[in-house]
>>> print(open('start.tsv').read())   # TSV, C-alpha atoms
chain	number	residue	atom	x	y	z
A	1	MET	CA	37.10	63.65	116.29
A	2	SER	CA	34.94	64.49	113.34
A	3	ASP	CA	33.88	67.84	114.80
A	4	PRO	CA	37.20	69.66	114.62
A	5	GLU	CA	37.70	68.35	111.14
A	6	THR	CA	34.48	69.76	109.88
A	7	ASP	CA	35.49	72.91	111.68
A	8	THR	CA	38.72	73.20	109.77
A	9	ALA	CA	36.80	72.49	106.62
A	10	ASP	CA	34.77	75.58	107.41
A	11	VAL	CA	37.87	77.60	108.04
A	12	ASP	CA	39.04	76.46	104.67
A	13	THR	CA	36.29	78.36	102.95
A	14	PRO	CA	38.58	80.15	100.45
A	15	ASP	CA	39.30	76.81	98.88
A	16	LEU	CA	36.09	75.02	99.67
A	17	ASP	CA	33.71	77.89	99.17
A	18	PRO	CA	32.61	76.96	95.70
A	19	PRO	CA	31.38	73.43	96.34
A	20	GLY	CA	27.81	74.70	96.39
A	21	ALA	CA	28.36	76.90	93.40
A	22	VAL	CA	30.71	74.75	91.42
A	23	ALA	CA	28.37	72.14	90.13
A	24	PRO	CA	25.62	74.46	88.85
A	25	HIS	CA	28.12	76.74	87.12
A	26	GLY	CA	30.01	73.87	85.62
A	27	LYS	CA	33.25	75.36	86.76
A	28	HIS	CA	34.67	72.38	88.50
A	29	GLU	CA	37.58	70.80	86.92
A	30	ALA	CA	35.98	67.98	85.01
A	31	ALA	CA	33.19	70.05	83.54
A	32	GLY	CA	34.92	73.44	83.57
A	33	ALA	CA	37.56	72.32	81.14
A	34	ALA	CA	35.09	72.03	78.37
A	35	ALA	CA	33.00	75.08	79.17
A	36	PRO	CA	33.66	77.72	76.49
A	37	HIS	CA	32.91	80.65	78.76
A	38	GLY	CA	35.75	82.79	77.43
A	39	ARG	CA	36.66	83.65	81.03
A	40	TRP	CA	40.18	83.28	82.36
A	41	LEU	CA	41.42	79.94	83.54
A	42	THR	CA	38.61	78.05	81.94
A	43	GLY	CA	40.85	76.30	79.49
A	44	ARG	CA	42.33	73.08	80.81
A	45	HIS	CA	45.78	73.91	79.54
A	46	ALA	CA	45.75	77.48	80.75
A	47	SER	CA	44.73	76.51	84.27
A	48	ALA	CA	47.23	73.69	84.34
A	49	ALA	CA	49.93	76.10	83.23
A	50	VAL	CA	49.07	78.68	85.89
A	51	ILE	CA	48.90	76.02	88.60
A	52	GLY	CA	52.19	74.64	87.39
A	53	VAL	CA	53.81	78.07	87.53
A	54	LEU	CA	52.47	78.67	91.03
A	55	THR	CA	53.64	75.32	92.39
A	56	LEU	CA	56.96	75.80	90.64
A	57	LEU	CA	57.32	79.13	92.40
A	58	LEU	CA	56.37	77.45	95.68
A	59	GLY	CA	58.99	74.76	95.24
A	60	PHE	CA	61.55	77.36	94.30
A	61	ALA	CA	60.68	79.46	97.34
A	62	ILE	CA	60.85	76.44	99.63
A	63	ALA	CA	64.28	75.49	98.33
A	64	VAL	CA	65.56	79.07	98.57
A	65	GLN	CA	64.21	79.52	102.06
A	66	VAL	CA	65.59	76.20	103.29
A	67	ARG	CA	68.96	77.01	101.80
A	68	ALA	CA	68.98	80.56	103.20
A	69	ASN	CA	68.01	79.22	106.62
A	70	SER	CA	70.61	76.49	106.73
A	71	SER	CA	73.42	78.53	105.20
A	72	SER	CA	76.39	79.71	107.19
A	73	ASP	CA	74.97	83.06	108.25
A	74	THR	CA	72.67	82.24	111.15
A	75	LEU	CA	72.30	85.88	112.11
A	76	SER	CA	70.35	86.80	108.99
A	77	GLY	CA	67.37	84.82	110.26
A	78	LEU	CA	67.17	86.64	113.60
A	79	ARG	CA	64.83	89.47	114.46
A	80	GLU	CA	65.83	93.00	115.28
A	81	ASP	CA	65.51	92.68	119.08
A	82	ASP	CA	67.70	89.61	119.19
A	83	LEU	CA	70.24	91.29	116.95
A	84	ILE	CA	70.35	94.34	119.22
A	85	GLY	CA	70.90	92.06	122.22
A	86	LEU	CA	73.70	90.27	120.43
A	87	LEU	CA	75.24	93.57	119.40
A	88	ASP	CA	75.14	94.83	123.00
A	89	ASN	CA	76.82	91.66	124.20
A	90	GLN	CA	79.52	91.97	121.57
A	91	ASN	CA	80.08	95.63	122.40
A	92	ASP	CA	80.42	94.82	126.10
A	93	ARG	CA	82.86	92.09	125.27
A	94	ALA	CA	84.84	94.38	122.99
A	95	ASP	CA	85.02	97.00	125.75
A	96	ARG	CA	86.26	94.45	128.25
A	97	LEU	CA	88.86	93.21	125.82
A	98	ARG	CA	89.97	96.76	125.05
A	99	VAL	CA	90.51	97.42	128.76
A	100	GLN	CA	92.47	94.19	128.98
A	101	ILE	CA	94.60	95.22	126.00
A	102	ALA	CA	95.36	98.57	127.64
A	103	GLN	CA	96.39	96.84	130.88
A	104	LEU	CA	98.61	94.37	129.11
A	105	GLN	CA	100.23	97.08	127.04
A	106	ASP	CA	100.88	99.03	130.23
A	107	THR	CA	102.52	95.98	131.79
A	108	LEU	CA	104.57	95.42	128.66
A	109	ARG	CA	105.76	99.03	128.69
A	110	ARG	CA	106.70	98.82	132.35
A	111	LEU	CA	108.64	95.61	131.83
A	112	GLN	CA	110.42	97.09	128.82
A	113	ASP	CA	111.30	100.20	130.82
A	114	SER	CA	112.76	98.19	133.66
A	115	GLY	CA	114.60	96.03	131.15
A	116	ASP	CA	116.07	99.11	129.52
A	117	ARG	CA	117.03	100.53	132.88
A	118	SER	CA	118.73	97.36	134.04
A	119	ALA	CA	120.56	97.10	130.71
A	120	ALA	CA	121.78	100.68	131.05
A	121	ALA	CA	122.80	100.04	134.65
A	122	ARG	CA	124.67	96.93	133.59
A	123	GLN	CA	126.48	98.85	130.86
A	124	GLN	CA	127.40	101.63	133.26
A	125	ALA	CA	128.63	99.12	135.81
A	126	ALA	CA	130.78	97.45	133.16
A	127	GLN	CA	132.27	100.82	132.17
A	128	GLU	CA	132.95	101.63	135.80
A	129	ALA	CA	134.56	98.26	136.30
A	130	GLN	CA	136.80	98.91	133.30
A	131	ALA	CA	137.76	102.35	134.56
A	132	LEU	CA	138.47	101.05	138.06
A	133	GLY	CA	140.36	98.13	136.59
A	134	VAL	CA	142.65	100.52	134.69
A	135	LEU	CA	143.22	102.64	137.79
A	136	LEU	CA	143.79	99.63	140.07
A	137	GLY	CA	145.91	97.79	137.55
A	138	THR	CA	143.73	94.73	137.14
A	139	VAL	CA	143.28	95.20	133.37
A	140	PRO	CA	145.74	96.10	130.60
A	141	ALA	CA	145.75	99.74	129.48
A	142	ARG	CA	146.71	101.68	126.40
A	143	GLY	CA	146.99	105.37	125.58
A	144	PRO	CA	149.32	108.33	125.13
A	145	GLY	CA	152.09	108.58	127.67
A	146	VAL	CA	155.77	108.53	128.38
A	147	VAL	CA	158.55	106.00	128.71
A	148	VAL	CA	161.08	106.95	131.42
A	149	GLU	CA	164.57	105.48	131.58
A	150	VAL	CA	166.46	105.92	134.82
A	151	THR	CA	170.08	104.85	134.94
A	152	ASP	CA	171.99	104.48	138.19
A	153	PRO	CA	175.60	103.60	137.48
A	154	ALA	CA	176.65	104.61	140.98
A	155	ARG	CA	173.93	102.47	142.60
A	156	LYS	CA	172.98	105.35	144.83
A	157	LEU	CA	169.26	105.66	144.17
A	158	THR	CA	167.07	104.53	147.05
A	159	GLY	CA	163.57	103.17	147.00
A	160	GLU	CA	162.42	106.56	148.13
A	161	ASP	CA	163.91	108.22	145.05
A	162	LEU	CA	162.15	105.78	142.76
A	163	LEU	CA	158.94	106.32	144.71
A	164	ASP	CA	159.43	110.00	143.97
A	165	VAL	CA	159.43	109.21	140.26
A	166	VAL	CA	156.14	107.39	140.62
A	167	GLU	CA	154.70	110.11	142.86
A	168	GLU	CA	155.70	112.77	140.40
A	169	LEU	CA	154.00	110.86	137.58
A	170	ARG	CA	150.91	110.43	139.70
A	171	GLY	CA	150.89	114.04	140.64
A	172	ALA	CA	151.00	114.96	136.97
A	173	GLY	CA	147.91	112.83	136.31
A	174	ALA	CA	149.28	109.48	135.19
A	175	GLU	CA	146.45	106.99	135.16
A	176	ALA	CA	148.36	103.73	134.74
A	177	ILE	CA	152.00	103.14	135.60
A	178	GLN	CA	154.27	100.17	134.97
A	179	PHE	CA	157.55	100.05	136.91
A	180	GLY	CA	159.91	97.53	135.40
A	181	GLY	CA	157.88	94.41	135.10
A	182	LEU	CA	155.39	95.43	137.77
A	183	ARG	CA	152.12	97.29	137.62
A	184	VAL	CA	152.02	100.16	140.07
A	185	SER	CA	148.86	100.51	142.13
A	186	THR	CA	147.69	102.10	145.35
A	187	SER	CA	149.36	99.49	147.55
A	188	THR	CA	152.68	99.36	145.72
A	189	SER	CA	155.64	99.77	148.05
A	190	PHE	CA	159.23	100.81	147.39
A	191	GLN	CA	161.96	99.68	149.77
A	192	GLY	CA	165.68	99.41	149.95
A	193	SER	CA	168.60	101.70	149.26
A	194	GLY	CA	171.83	101.92	147.36
A	195	GLY	CA	170.93	100.06	144.27
A	196	SER	CA	169.15	97.22	146.02
A	197	VAL	CA	165.57	98.25	145.64
A	198	THR	CA	162.53	96.03	146.03
A	199	VAL	CA	159.15	96.92	144.63
A	200	ASP	CA	156.30	94.99	146.20
A	201	GLY	CA	158.90	92.55	147.45
A	202	THR	CA	160.46	92.02	144.04
A	203	THR	CA	164.04	93.15	143.57
A	204	VAL	CA	164.56	95.48	140.63
A	205	THR	CA	167.86	96.56	139.19
A	206	ALA	CA	169.00	99.60	137.24
A	207	PRO	CA	168.41	100.79	134.63
A	208	TYR	CA	164.80	101.27	135.65
A	209	ARG	CA	162.17	101.55	132.97
A	210	VAL	CA	158.89	103.21	133.82
A	211	VAL	CA	155.91	103.42	131.49
A	212	ALA	CA	153.08	105.83	132.34
A	213	ILE	CA	149.82	106.66	130.61
A	214	GLY	CA	148.59	110.21	130.86
A	215	GLU	CA	149.14	113.50	129.11
A	216	ALA	CA	152.71	113.02	127.80
A	217	ARG	CA	153.77	116.67	127.87
A	218	THR	CA	152.57	117.23	131.42
A	219	LEU	CA	154.28	114.06	132.61
A	220	ASN	CA	157.50	115.10	130.89
A	221	THR	CA	157.38	118.53	132.44
A	222	ALA	CA	156.68	117.15	135.91
A	223	LEU	CA	159.65	114.81	135.81
A	224	ASN	CA	162.06	117.47	134.55
A	225	ILE	CA	160.88	120.21	136.87
A	226	PRO	CA	163.92	122.11	138.28
A	227	GLY	CA	164.89	120.66	141.67
A	228	GLY	CA	162.67	117.66	141.05
A	229	VAL	CA	163.22	113.99	140.45
A	230	GLY	CA	165.40	114.58	137.43
A	231	ALA	CA	167.75	116.69	139.47
A	232	THR	CA	167.88	114.07	142.25
A	233	VAL	CA	168.82	111.34	139.77
A	234	ARG	CA	171.50	113.49	138.17
A	235	THR	CA	172.90	114.38	141.58
A	236	ALA	CA	173.19	110.66	142.27
A	237	GLY	CA	175.20	110.30	139.07
A	238	GLY	CA	172.46	108.76	137.02
A	239	GLU	CA	170.46	109.87	134.04
A	240	LEU	CA	166.71	110.31	133.63
A	241	THR	CA	165.39	110.39	130.08
A	242	VAL	CA	161.77	110.89	129.21
A	243	THR	CA	160.36	109.88	125.81
A	244	GLU	CA	156.91	111.10	124.88
A	245	ARG	CA	154.91	108.54	122.90
A	246	PRO	CA	151.54	109.00	121.23
A	247	SER	CA	150.60	105.50	122.31
A	248	VAL	CA	152.04	103.17	124.91
A	249	THR	CA	150.63	99.84	126.06
A	250	ILE	CA	150.74	98.41	129.57
A	251	THR	CA	149.98	94.72	129.48
A	252	VAL	CA	151.12	93.83	132.99
A	253	THR	CA	148.30	93.43	135.50
A	254	ARG	CA	148.11	92.73	139.19
A	255	PRO	CA	145.53	90.75	141.10
A	256	LEU	CA	142.91	92.65	143.02
A	257	SER	CA	143.20	92.12	146.74
A	258	THR	CA	139.94	91.57	148.52
A	259	PRO	CA	139.45	93.85	151.53
A	260	LYS	CA	139.59	91.80	154.68
A	261	TYR	CA	138.17	94.25	157.24
A	262	ALA	CA	136.70	97.15	155.39
A	263	LYS	CA	133.17	96.63	154.17
A	264	PRO	CA	131.21	98.95	151.96
A	265	GLY	CA	129.30	101.33	154.18
A	266	HIS	CA	126.55	103.58	152.98
B	1	MET	CA	50.33	65.66	88.23
B	2	ILE	CA	51.62	68.79	86.55
B	3	ALA	CA	51.55	70.55	89.91
B	4	GLY	CA	53.67	67.85	91.57
B	5	LEU	CA	56.11	67.87	88.71
B	6	ALA	CA	56.37	71.67	88.81
B	7	LEU	CA	56.97	71.52	92.57
B	8	VAL	CA	59.88	69.12	92.13
B	9	VAL	CA	61.27	71.19	89.24
B	10	GLY	CA	61.01	74.34	91.39
B	11	ILE	CA	62.85	72.72	94.30
B	12	VAL	CA	65.58	71.44	92.03
B	13	ALA	CA	65.90	74.86	90.38
B	14	GLY	CA	66.11	76.55	93.77
B	15	LEU	CA	68.81	74.17	94.96
B	16	TRP	CA	70.69	74.40	91.70
B	17	LEU	CA	70.59	78.16	91.10
B	18	ARG	CA	71.35	79.04	94.74
B	19	PRO	CA	69.81	82.51	94.60
B	20	THR	CA	70.28	84.82	97.55
B	21	VAL	CA	67.12	86.12	99.17
B	22	PRO	CA	66.84	89.91	98.82
B	23	THR	CA	66.84	91.65	102.17
B	24	TRP	CA	63.39	93.20	101.75
B	25	LEU	CA	61.93	89.77	101.04
B	26	GLU	CA	63.60	87.99	103.94
B	27	PRO	CA	60.86	88.32	106.60
B	28	TYR	CA	58.04	87.50	104.14
B	29	LEU	CA	59.41	84.48	102.34
B	30	PRO	CA	58.95	81.88	105.12
B	31	ILE	CA	55.40	83.05	105.87
B	32	ALA	CA	54.56	83.17	102.16
B	33	VAL	CA	55.83	79.62	101.77
B	34	VAL	CA	53.65	78.39	104.64
B	35	ALA	CA	50.61	80.23	103.21
B	36	ALA	CA	51.21	78.74	99.78
B	37	LEU	CA	51.54	75.29	101.33
B	38	ASP	CA	48.18	75.83	102.99
B	39	ALA	CA	46.65	76.69	99.60
B	40	VAL	CA	48.24	73.61	98.03
B	41	PHE	CA	46.89	71.32	100.74
B	42	GLY	CA	43.47	72.91	100.33
B	43	GLY	CA	43.68	72.31	96.59
B	44	ILE	CA	44.65	68.66	97.06
B	45	ARG	CA	41.76	68.19	99.45
B	46	SER	CA	39.18	69.76	97.12
B	47	ARG	CA	40.58	67.70	94.28
B	48	LEU	CA	39.99	64.57	96.30
B	49	ASP	CA	36.56	65.87	97.25
B	50	GLY	CA	35.91	66.26	93.55
B	51	ILE	CA	35.24	69.99	93.83
B	52	PHE	CA	38.57	71.36	92.64
B	53	ASP	CA	38.42	74.63	90.77
B	54	ALA	CA	41.54	75.99	89.14
B	55	LYS	CA	40.39	79.60	89.52
B	56	VAL	CA	39.62	79.17	93.20
B	57	PHE	CA	42.96	77.52	93.71
B	58	VAL	CA	44.89	80.25	91.93
B	59	VAL	CA	43.04	83.05	93.68
B	60	SER	CA	43.34	81.43	97.10
B	61	PHE	CA	47.01	80.70	96.50
B	62	ILE	CA	47.85	84.28	95.57
B	63	SER	CA	45.60	85.90	98.16
B	64	ASN	CA	46.95	83.60	100.90
B	65	VAL	CA	50.50	84.64	100.08
B	66	LEU	CA	49.62	88.33	99.86
B	67	VAL	CA	47.58	88.37	103.06
B	68	ALA	CA	50.27	86.50	104.98
B	69	ALA	CA	52.89	88.95	103.74
B	70	LEU	CA	50.64	91.88	104.57
B	71	ILE	CA	50.10	90.63	108.11
B	72	VAL	CA	53.82	90.24	108.66
B	73	PHE	CA	54.44	93.66	107.15
B	74	LEU	CA	51.83	95.26	109.41
B	75	GLY	CA	53.20	93.37	112.41
B	76	ASP	CA	56.68	94.66	111.72
B	77	LYS	CA	55.36	98.21	111.42
B	78	LEU	CA	53.44	97.85	114.68
B	79	GLY	CA	56.35	96.29	116.50
B	80	VAL	CA	54.74	92.89	116.97
B	81	GLY	CA	56.20	91.27	113.87
B	82	GLY	CA	57.53	88.25	115.72
B	83	GLN	CA	54.29	87.51	117.52
B	84	LEU	CA	52.16	88.06	114.43
B	85	SER	CA	54.42	85.81	112.36
B	86	THR	CA	53.95	83.13	115.00
B	87	ALA	CA	50.19	83.68	114.91
B	88	VAL	CA	50.07	83.33	111.12
B	89	VAL	CA	52.17	80.19	111.22
B	90	VAL	CA	49.95	78.69	113.95
B	91	VAL	CA	46.73	79.43	112.08
B	92	LEU	CA	48.07	78.18	108.77
B	93	GLY	CA	49.52	75.16	110.51
B	94	ILE	CA	46.10	74.28	111.98
B	95	ARG	CA	44.51	74.59	108.54
B	96	ILE	CA	47.21	72.46	106.97
B	97	PHE	CA	46.64	69.82	109.61
B	98	GLY	CA	42.89	69.93	108.99
B	99	ASN	CA	43.33	69.54	105.26
B	100	ALA	CA	45.90	66.82	105.77
B	101	ALA	CA	43.38	64.97	107.98
B	102	ALA	CA	40.72	65.22	105.23
B	103	ILE	CA	43.22	64.02	102.62
B	104	ARG	CA	44.19	61.16	104.84
B	105	ARG	CA	40.57	60.14	105.26
B	106	HIS	CA	40.14	60.16	101.50
B	107	LEU	CA	43.25	58.17	100.83
B	108	PHE	CA	43.14	55.67	103.66
B	109	ARG	CA	39.48	55.74	104.60
B	110	ALA	CA	40.55	56.29	108.15
>>> encode(input="start.tsv", output="structure tokens")
Amino acid sequence: MSDPETDTADVDTPDLDPPGAVAPHGKHEAAGAAAPHGRWLTGRHASAAVIGVLTLLLGFAIAVQVRANSSSDTLSGLREDDLIGLLDNQNDRADRLRVQIAQLQDTLRRLQDSGDRSAAARQQAAQEAQALGVLLGTVPARGPGVVVEVTDPARKLTGEDLLDVVEELRGAGAEAIQFGGLRVSTSTSFQGSGGSVTVDGTTVTAPYRVVAIGEARTLNTALNIPGGVGATVRTAGGELTVTERPSVTITVTRPLSTPKYAKPGH
Amino acid sequence: MIAGLALVVGIVAGLWLRPTVPTWLEPYLPIAVVAALDAVFGGIRSRLDGIFDAKVFVVSFISNVLVAALIVFLGDKLGVGGQLSTAVVVVLGIRIFGNAAAIRRHLFRA
């Protein structure tokens, strides 16, 4: 036990070197204070001051180092190799995250695209439904067109003659037609003769009022074509008057019949 | 007495002023502190032995700090800074323990 301690005492030579020399030279603290050698640090106060400054610096350094070590930034205490390792790890992680960001952005873009497409498809379908609804008579319609008045005082006009009126309007491009209080569609039927005419099973009586939406001038021309419907009505003793209107409204609708046998086939 | 007082004053000043360690000093400060502690323990021991010399203490204090810093500096230049820092700390730690044992024997007679 005593051996290693003497050993360390030997290692300590910088501090313990003088013991042999101290006493003879009178430099050890008790005697050295009084010795007027004129050499540095021989004065008691001077040496005390220097020692005080040194220990003050030591205390200061200890406090600074402890504070720097325990402060928030733990990286500042690490060595270069460790820092490089950390940096590599962080770079790898950043790369992985960047790849992930790219993938997620790609997914986002794809989802947005499909969302846009489905929205556009929905809008187109709605427009188509509106257009078909106008043509089939399931929705009200408005636009330029004509109002046709057909009188039949002699009650001679047959269903066929009235069908001719509708056919003529159709042929001239009428898109929506109202006959009396009924909306004319693809399945509309005209029956009867001699003033007792039924349209779709409903009896209509003269004077007949027909409203059609299309290009007014063309419709007018088609109805008054020589040898056409107008002539037929006049021959029967009636009168056919066409009034062009910049805007007519057809509010009457008819229910859409569901096909019983025919299925969509592609 | 003065030394102990100055140590406390230094610690308080360091805690109170909160200086930031300059980057160039960062690797040397811990080693310098350990070296200075070694010198202080040596000084306490020689004081108890009755052979304390202010000049020896001052010179050993300063040279300890400078040599420790130089070793760390050289180690960093040679690429073995970490290992050499450890070596310095181990050596100084052994010396501090030796001095502390001598002080203990003086104080407690054991």
>>> closest_residue(input="start.tsv", among="B:Ala68, B:Leu48, B:Val56, B:Ala35", to="chain A", atoms="all atoms listed in the file")
B:Val56
>>> interface_residues(input="start.tsv", of="chain B", to="chain A", cutoff="6 Å", atoms="only C-alpha atoms", output="list in words")
Ile2, Ala3, Ala6, Leu7, Gly10, Ile11, Gly14, Leu15, Gly42, Ile51, Phe52, Asp53, Ala54, Ser60 and Gly98 of chain B
>>> residues_near_point(input="start.tsv", point="(153.3, 95.3, 147.6)", cutoff="10 Å", atoms="all atoms listed in the file", output="PyMOL selection string")
chain A and resi 184-191+198-202
>>> closest_residue(input="start.tsv", among="B:Val65, B:Leu74, B:Ala39, B:Ile44", to="Leu107 of chain B", atoms="all atoms listed in the file")
B:Ile44
>>> atom_distance(input="start.tsv", atom1="atom CA of Tyr261 of chain A", atom2="atom CA of Ala126 of chain A")
25.4 Å
>>> residues_around(input="start.tsv", residues="Ile96 of chain B", least_positions_apart="4", cutoff="9 Å", atoms="all atoms listed in the file", output="VMD selection string")
(chain A and resid 8) or (chain B and resid 37 to 39 41 to 42 91 to 92 100 to 101)
>>> atom_distance(input="start.tsv", atom1="atom CA of Tyr28 of chain B", atom2="atom CA of Asp88 of chain A")
26.5 Å
>>> residues_around(input="start.tsv", residues="segment 127-143 of chain A", least_positions_apart="5", cutoff="12 Å", atoms="all atoms listed in the file", output="PyMOL selection string")
chain A and resi 120-122+170+173-179+182-188+211-216+244-257
